[in-house]
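Beneath this line is the structure, given in structure tokens, with notes to follow.
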Amino acid sequence: MSRPQLRHWIVAALMAAAAVLLAGPAHAETESQTAEAPAEAASAPAFTAKGADTCLKCHDEDTAVPVLSIFKTAHARAADSRTPFAGHQCEACHGAGDTHARGGNKDPVPPIRNFGIGKDTPVAEQNATCMACHQGGHRTQWPGSAHDRADVPCAACHQVHAPRDPVMTTASQPEVCYSCHRKERAELMRPSAHPVNQGKLACSDCHAVHGAPGEALLASPTVNQTCYRCHAEKRGPFLWEHAPASEDCGLCHAPHGSNQAALLVQRPPWLCQSCHAAEGHPSVAYTGRGLAGTTASAFLLGQSCGNCHSQVHGTNHPSGATLTR
Amino acid sequence: MIRHPDTFSLRCIRTARTVLRVITASATLFAGTAAADTPEEATPLVPPCKQCPFEQGFSGQLDLGLGYLFDDAYHFGDYTGLSDQGLFLLGGASIGWREADGTGYWDLEARDLGLDARAVELRGGQQGLFGIRLSYDSVPRRINDTASTPFLGVGSDTLSLPVTWTSATSTQQMPDLASSLQPLTLAQDRKRFLAAFNLIPSAHWTTQLSVRHDERDGIKPVGGSFITLASLLPQPTSDQTDQVDLSAGVTGTNWQAGAAYYGSFYRNDNTALTWQNPYDPLVDDGVSGRLALAPDNQFHQLSVTAGYQPEARVRLSTHVAVGRMLQNARFVPASATPSLMTPLPRTALDGQIDTLSGRLRASAGPWAGLRFNAEAALDDRDNRTPQSAYTQIITDVFAADERANQPYDFTRRTLKLGSDYRLQRWARLSAGWDQERKTRSFQARHRTDEWKLWTRMRVQPAQRLSTNIGYVHASRTGSTYRITATDAVSEQQLQQAHLADRVRDAATLNISTTPLDWISVDVNGSLGRDHYPDTTVGLQRRRAQGYGVDLSLHPSELFGVTGFWSRDALETLQDGNQSAADFADWRADNRDAATVAGLRAERRKLWGRYDAGASYEYTSSRGDTRLLTGSANTPFPDLRTRRHEARMYALFQATPQLGIRVEYRYALYHQADWALDGVSADAVHNLLSLDASSPSYTANLIGISTRYEFR
């Protein structure tokens with residue numbers, strides 16, 4: 001390991017240690033305010049004696065909060081010991097509900113833990129309920145991730161009662177994400193875009209929404225490793241590389257969508273001229289005189305610079321140093 | 001439970017049920033030893049539910065019908081498969097099976113079965129024990145059907161010209177060009193197969209293996225040239241990528257850990273594309289050129305991830321991945337021109353790049369409402385490809401000096417510190433500082449450093465009103481920008497866009513309100529500005545702005561209307577120097593704008609038996625390019641794209657099981673692009689183009705299908 005790398009890791013370790021020390025003493029005075037997983041709610045009210053049978057006396061498919069579709073889901077499999085219906089049934093997630101059930105005729109009805117954006121139950125408590133069972137796998141990186149820090153409740157994206165949760169299906173997932181990510185929705189409607197709106201690519205094919213090791217919740221550690229999952233032909237290693245392409249696909253491509261072909265962030269030749277200005281054709285001002293007509297220019301029309309320098313992602317041709325072969 | 005079963009369907013269902021039980025029982029035995037301790041006996045915390053309508057047996061829906069596309073609309077079929085006028089099958093299914101009082105399950109989903117965009121997925125297994133997933137997805141890419149080319153052998157790796165072809169020094173002097181043009185369709189189909197298996201050997205362990213196979217076939221355009229005499233060629237695509245993901249994870253009471261292997265194996269059926277030179281050869285035997293196509297390659301990566309929560313408000317997590325990219329495909333010869341053949345220093349690259357990604361995150365909340373977050377990360381790309389000197393045969397025309405390959409290294413280190421603080425119950429403030437250092441080899445600038453200060457504030461002054469405001473300021477500098485005495489004046493004045501000093505400011509605003517329970521309104525706005533203060537030639541400034549509004553009306557559970565509109569604009573200013581002056585002597589001002597809108601209305605259970613809905617989407621983009629050179633210039637026409645797409649449907653529920661759905665879809669698309677339109681094969685004297693034009697179409701589609709629901 002080189003000296004800069006070593007220094008980098010020492011800084012990281014010190015930082016983590018500082019965070020632990022900082023939080024440690026404060027914990028004792030704040031523990032009572034932490035979100036409780038349902039099974040740990042020591043001071044919670046009593047559970048109902050009959051569980052879901054009590055709930056179904058009032059809640060069915062015709063009430064304001066339809067519930068029966070939960071029985072079509074994986075959560076409602078009593079034979080699977082991990083599921084809510086192998087335990088306290090509805091109350092496994094919604095919390096002990098004896099008081100709520102006995103107060104059904106009161107106005108307001110005594111509250112019970114409920115899920116979603118804008119609900120009375122704090123987001124931390126909502127999510128702790130889910131994480132009590134779902135903390136492994138993809139959720140290992142959830143704490144401190146972008147969605148966690150933005151106080152996004154699990155139920156903002158997941159419809160736990162739906163037989164087929166829309167966010168779990170490629171075709172219907174984007175609509176769920178668009179409810180917050182309007183900029184990405186607009187970009188994916190541009191003339192050149194990945195086929196997300198056509199149901200051929202899910203947001204989660206590129207983004208690990210529960211927390212990820214990389215930037216922008218990308219599923220792979222780097223931008224390029226994420227892109228190479230579908231575009232492995234651009235991975236190389238090539239004999240002749242195009243350095244920016246090897247560094248970050250996002251330097252030239254807008255991943256969600258663009259006005260320009262091939263999701264380019266800018267139209268060639270000007271995109272190329274933002275890095276290439278050598279005397280000769282790279283430095284020339286290509287004006288409207290080069291449009292189709294008497295002085296039509298190959299530097300401008302067709303694929304512009306790509307008419308000759310077509311191997312912009314790199315090439316394995318021994319004579320390809322200028323990316324023309 | 002089956003309603004109104006006839007004898008035949010009952011028999012089918014019984015048979016299928018028996019088969020599924022045999023499969024799940026077999027798989028259970030297969031997983032037997034590992035799962036011997038599972039499923040754990042459920043603790044009877046409450047009595048078994050008597051009223052709960054647990055799903056069991058078969059349920060689902062089948063869609064079957066016919067559609068008709070009234071127009072040939074090639075580009076409409078991009079990713080949808082709806083290209084050709086005529087009838088097509090409307091087919092889809094969503095079928096599930098649940099074991100009674102057990103954990104066995106199977107789900108089958110199928111859509112667009114009658115189109116090139118069909119997709120099928122089967123999931124099944126024993127919940128809590130194992131799961132199987134098999135899927136197939138076809139992704140049709142429809143690039144352009146207006147192209148033409150004089151080249152023969154389209155689809156192969158060798159392109160020739162008609163035997164009567166007479167070459168010339170320019171396209172306009174090629175006597176056989178017009179008569180030799182043949183229609184060319186540019187398309188690329190991807191077919192994706194996935195098989196995944198996950199096993200839960202105990203309550204705390206999960207393991208997963210998935211194998212994905214992608215195949216691509218088709219034709220796409222690629223440029224090939226002899227010095228500056230270029231041709232756009234139909235490049236064959238025929239390649240496969242296999243990917244393997246193997247992972248295992250374990251969870252404890254306050255910790256999680258996992259390890260994974262990822263392998264990716266790319267194979268290309270074509271190693272090179274050789275094409276006959278349509279121009280007069282610039283060297284006597286320069287009758288053909290050769291492009292190398294993407295070489296076979298592999299990537300292997302091992303990763304570990306772990307999370308630890310020593311206290312309720314403290315969280316540590318890490319992820320480390322080490323990978324290796326490999327490529328050793330045999331080189332194509334240095335030139336397609338026999339007289340210029342030169343020996344190579346190696347027969348293959350023996351390329352190897354080692355990657356390392358490591359991240360450590362800490363999150364701590366010393367008291368309620370306050371949380372600190374820290375992250376340190378390293379991404380390293382260590383290119384261990386051997387260096388050699390290769391004589392450059394420039395575009396198969398002449399031999400130039402030797403060039404040594406430059407195995408490019410790249411390292412990125414980041415440190416992020418941030419905090420989130422709840423000022424009041426209705427206000428939350430977040431702020432942070434990020435530092436990023438990138439080092440690169442073989443580049444004009446060895447090191448760039450960027451720091452970023454950011455802040456976000458969320459204010460909810462009332463129950464029905466929420467506001468988010470964000471601001472970012474970043475500054476990038478770096479080591480000395482290397483220029484050499486031999487660099488041209490314009491190169492000495494250049495700072496490449498991704499290496500240049502840069503100052504970035506960006507602000508965002510979002511206001512969300514729900515004035516009534518059934519109305520919500522969202523307003524968004526953003527402003528961004530990049531400034532390159534030390535650049536004479538290159539990017540000077542980039543300004544982005546966007547704003548939009550979303551509206552949602554849901555007066556009842558059965559009726560809803562949603563709509564949105566947004567506009568984004570990006571202006572890029574860059575300078576150049578074509579006269580070796582002491583200053584930049586031209587400026588390009590590129591302005592891109594896009595407006596999108598959508599409207600959707602749905603009404604369910606209209607008159608008890610009807611569902612109906614309609615949607616409309618609109619995209620308009622415009623590109624305006626202005627070149628300022630100090631004298632009058634021919635202006636560029638605008639680049640324009642317009643897309644209107646409307647859908648309407650009605651579903652009549654004839655019986656509880658049977659529904660009839662009618663759908664109408666309309667699309668109008670028009671694009672104007674001066675780089676394509678009017679650029680005939682001989683429009684440019686040194687570019688033999690594909691004579692393609694921008695896609696424009698009108699599409700009308702009607703579909704009638706029946707939906708059979710059962711359970």
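By convention in this document, the chains of the structure tokens carry letters A, B, ... by their order, each chain's residues are numbered from 1, and ligands are numbered from 1 in the order they are shown.
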
- Message: Taking 4 positions as the minimum chain separation for residues in the same chain, which residues sit within 7 Å of segment 187-194 of chain B when counting only C-alpha atoms? Answer as a list of chain:residue names.
- Response: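 Neighbouring residues, sequence-local ones excluded: B:Leu134, B:Ser135, B:Tyr136, B:Asp137, B:Ser138, B:Val139, B:Pro140, B:Arg141, B:Arg142, B:Ile143, B:Asn144, B:Val211, B:Arg212, B:His213, B:Asp214, B:Glu215, B:Arg216, B:Asp217, B:Gly218, B:Ile219, B:Lys220.
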
Take the residues just selected and output them with N, CA, C and O atoms as a compact mmCIF listing (two decimals), in the first residue's frame.
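Contents of part.txt, as written:
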```
# COMPACT_ATOMS: atom_id res chain seq x y z
N LEU B 134 -36.42 -17.54 -12.73
CA LEU B 134 -36.00 -17.71 -14.12
C LEU B 134 -36.68 -16.61 -14.93
O LEU B 134 -37.88 -16.38 -14.77
N SER B 135 -35.93 -15.92 -15.75
CA SER B 135 -36.58 -14.85 -16.52
C SER B 135 -35.95 -14.73 -17.90
O SER B 135 -34.79 -15.10 -18.13
N TYR B 136 -36.76 -14.20 -18.78
CA TYR B 136 -36.33 -13.92 -20.15
C TYR B 136 -36.88 -12.55 -20.51
O TYR B 136 -38.05 -12.24 -20.24
N ASP B 137 -36.04 -11.74 -21.10
CA ASP B 137 -36.48 -10.40 -21.50
C ASP B 137 -35.85 -10.07 -22.85
O ASP B 137 -34.65 -10.26 -23.05
N SER B 138 -36.68 -9.61 -23.75
CA SER B 138 -36.19 -9.22 -25.08
C SER B 138 -36.29 -7.71 -25.21
O SER B 138 -37.35 -7.13 -24.95
N VAL B 139 -35.20 -7.09 -25.59
CA VAL B 139 -35.15 -5.62 -25.66
C VAL B 139 -34.81 -5.21 -27.10
O VAL B 139 -33.66 -5.29 -27.52
N PRO B 140 -35.83 -4.82 -27.87
CA PRO B 140 -35.56 -4.44 -29.26
C PRO B 140 -35.11 -2.99 -29.37
O PRO B 140 -35.80 -2.08 -28.91
N ARG B 141 -33.96 -2.79 -29.94
CA ARG B 141 -33.46 -1.43 -30.16
C ARG B 141 -33.66 -1.12 -31.63
O ARG B 141 -33.10 -1.80 -32.50
N ARG B 142 -34.47 -0.13 -31.93
CA ARG B 142 -34.75 0.25 -33.31
C ARG B 142 -34.10 1.60 -33.57
O ARG B 142 -34.63 2.63 -33.15
N ILE B 143 -32.99 1.60 -34.28
CA ILE B 143 -32.19 2.82 -34.42
C ILE B 143 -32.67 3.66 -35.60
O ILE B 143 -33.02 4.83 -35.44
N ASN B 144 -32.72 3.06 -36.78
CA ASN B 144 -33.13 3.85 -37.95
C ASN B 144 -33.42 2.90 -39.11
O ASN B 144 -32.69 1.93 -39.30
N VAL B 211 -27.14 -16.24 -12.40
CA VAL B 211 -26.39 -16.29 -13.65
C VAL B 211 -27.21 -15.57 -14.70
O VAL B 211 -28.39 -15.86 -14.87
N ARG B 212 -26.59 -14.61 -15.35
CA ARG B 212 -27.31 -13.83 -16.37
C ARG B 212 -26.56 -13.95 -17.69
O ARG B 212 -25.34 -13.83 -17.73
N HIS B 213 -27.32 -14.17 -18.74
CA HIS B 213 -26.72 -14.30 -20.07
C HIS B 213 -27.39 -13.27 -20.98
O HIS B 213 -28.60 -13.26 -21.14
N ASP B 214 -26.60 -12.38 -21.54
CA ASP B 214 -27.11 -11.37 -22.48
C ASP B 214 -26.57 -11.67 -23.87
O ASP B 214 -25.37 -11.94 -24.03
N GLU B 215 -27.45 -11.61 -24.86
CA GLU B 215 -27.04 -11.76 -26.25
C GLU B 215 -27.46 -10.51 -27.00
O GLU B 215 -28.58 -10.03 -26.82
N ARG B 216 -26.58 -10.02 -27.84
CA ARG B 216 -26.95 -8.87 -28.68
C ARG B 216 -26.66 -9.21 -30.13
O ARG B 216 -25.59 -9.75 -30.45
N ASP B 217 -27.60 -8.87 -30.97
CA ASP B 217 -27.41 -9.07 -32.41
C ASP B 217 -27.98 -7.86 -33.13
O ASP B 217 -29.02 -7.34 -32.75
N GLY B 218 -27.29 -7.46 -34.18
CA GLY B 218 -27.83 -6.36 -34.96
C GLY B 218 -26.77 -5.61 -35.73
O GLY B 218 -25.64 -6.08 -35.91
N ILE B 219 -27.17 -4.45 -36.19
CA ILE B 219 -26.30 -3.59 -36.99
C ILE B 219 -26.35 -2.19 -36.41
O ILE B 219 -27.44 -1.67 -36.13
N LYS B 220 -25.21 -1.59 -36.24
CA LYS B 220 -25.18 -0.19 -35.82
C LYS B 220 -24.14 0.55 -36.68
O LYS B 220 -23.25 -0.08 -37.26
```

Can you check which parts of chain B lie within 6 Å of chain A? Per residue, the shortest pair of atoms and distance in Å to one decimal, counting only C-alpha atoms, sorted by chain and number, as a tab-separated table.
```
residue	atom	partner	partner_atom	distance
B:Glu40	CA	A:Ser81	CA	5.8
B:Ala42	CA	A:Ser81	CA	4.8
B:Leu45	CA	A:Gly87	CA	5.7
B:Val46	CA	A:Gly51	CA	6.0
B:Cys49	CA	A:Asp53	CA	5.7
B:Gln51	CA	A:Asp53	CA	5.8
B:Phe54	CA	A:Phe71	CA	4.8
B:Glu55	CA	A:Lys72	CA	5.1
B:Gly102	CA	A:Ala79	CA	5.4
B:Thr103	CA	A:Ala79	CA	5.9
B:Gly128	CA	A:Asp80	CA	5.9
B:Gly223	CA	A:Asn307	CA	4.3
B:Gly224	CA	A:Cys308	CA	5.5
B:Ser225	CA	A:Cys308	CA	5.3
B:Thr251	CA	A:Gly136	CA	5.7
B:Gln256	CA	A:Gly136	CA	5.8
B:Leu291	CA	A:Arg325	CA	4.6
B:Ala292	CA	A:His317	CA	5.2
B:Ala294	CA	A:Glu233	CA	5.5
B:Gly307	CA	A:Thr140	CA	5.9
B:Gln327	CA	A:Pro237	CA	5.8
B:Ala334	CA	A:Pro318	CA	5.3
B:Gly351	CA	A:Pro237	CA	5.6
B:Ala362	CA	A:Ala16	CA	5.5
B:Ser363	CA	A:Gly144	CA	5.9
B:Ala364	CA	A:Ala23	CA	5.5
B:Gly365	CA	A:Ala23	CA	5.9
B:Pro366	CA	A:Ala23	CA	4.5
B:Trp367	CA	A:Thr30	CA	5.8
B:Ala376	CA	A:Ala12	CA	5.4
B:Gln392	CA	A:Ser319	CA	4.5
B:Ile393	CA	A:Ser319	CA	5.4
B:Ala488	CA	A:Glu279	CA	5.7
B:Ser490	CA	A:Ala277	CA	5.8
B:Glu491	CA	A:Ala278	CA	5.4
B:Gln496	CA	A:Cys275	CA	4.2
B:Ala497	CA	A:Ser274	CA	5.7
B:Gly538	CA	A:Ser274	CA	4.7
B:Leu539	CA	A:Ser274	CA	5.7
B:Asn577	CA	A:Ser283	CA	6.0
B:Gln578	CA	A:Val284	CA	5.0
B:Leu627	CA	A:Thr287	CA	5.9
B:Thr634	CA	A:Gly288	CA	4.5
B:Pro635	CA	A:Gly288	CA	5.1
B:Phe636	CA	A:Gly288	CA	5.0
B:Ala675	CA	A:Leu301	CA	4.4
B:Leu676	CA	A:Gly302	CA	5.8
B:Val679	CA	A:Ala292	CA	5.9
B:Val684	CA	A:Ala296	CA	5.2
B:Leu687	CA	A:Ala298	CA	5.8
```

- Query: What residues in segment 102-294 of chain A get the DSSP label helix (DSSP H, G or I)? Please answer as number ranges by chain.
  - Reply: A: 102, 123-134, 137-141, 146-149, 154-157, 166-168, 173-178, 182-187, 203-206, 215-217, 223-228, 232-234, 243-247, 249-251, 261-263, 270-273, 281-283, 288-290

- Between B:His75, B:Asp296, B:Asp245, B:Trp255, single out the one closest to Ser192 of chain A, counting only C-alpha atoms.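 Going through B:His75, B:Asp296, B:Asp245, B:Trp255 one by one, the smallest distance to Ser192 of chain A is for B:His75.
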
- From the set B:Ala588, B:Ser179, B:Gly131, B:Gly155, which residue has the shortest atom-to-atom contact distance to Phe197 of chain B, counting only C-alpha atoms?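 Ranking B:Ala588, B:Ser179, B:Gly131, B:Gly155 by distance to Phe197 of chain B, first place goes to B:Gly131.
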
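Of note, atom CA of Gly249 of chain B and atom CA of Cys154 of chain A are spaced 21.4 Å apart.
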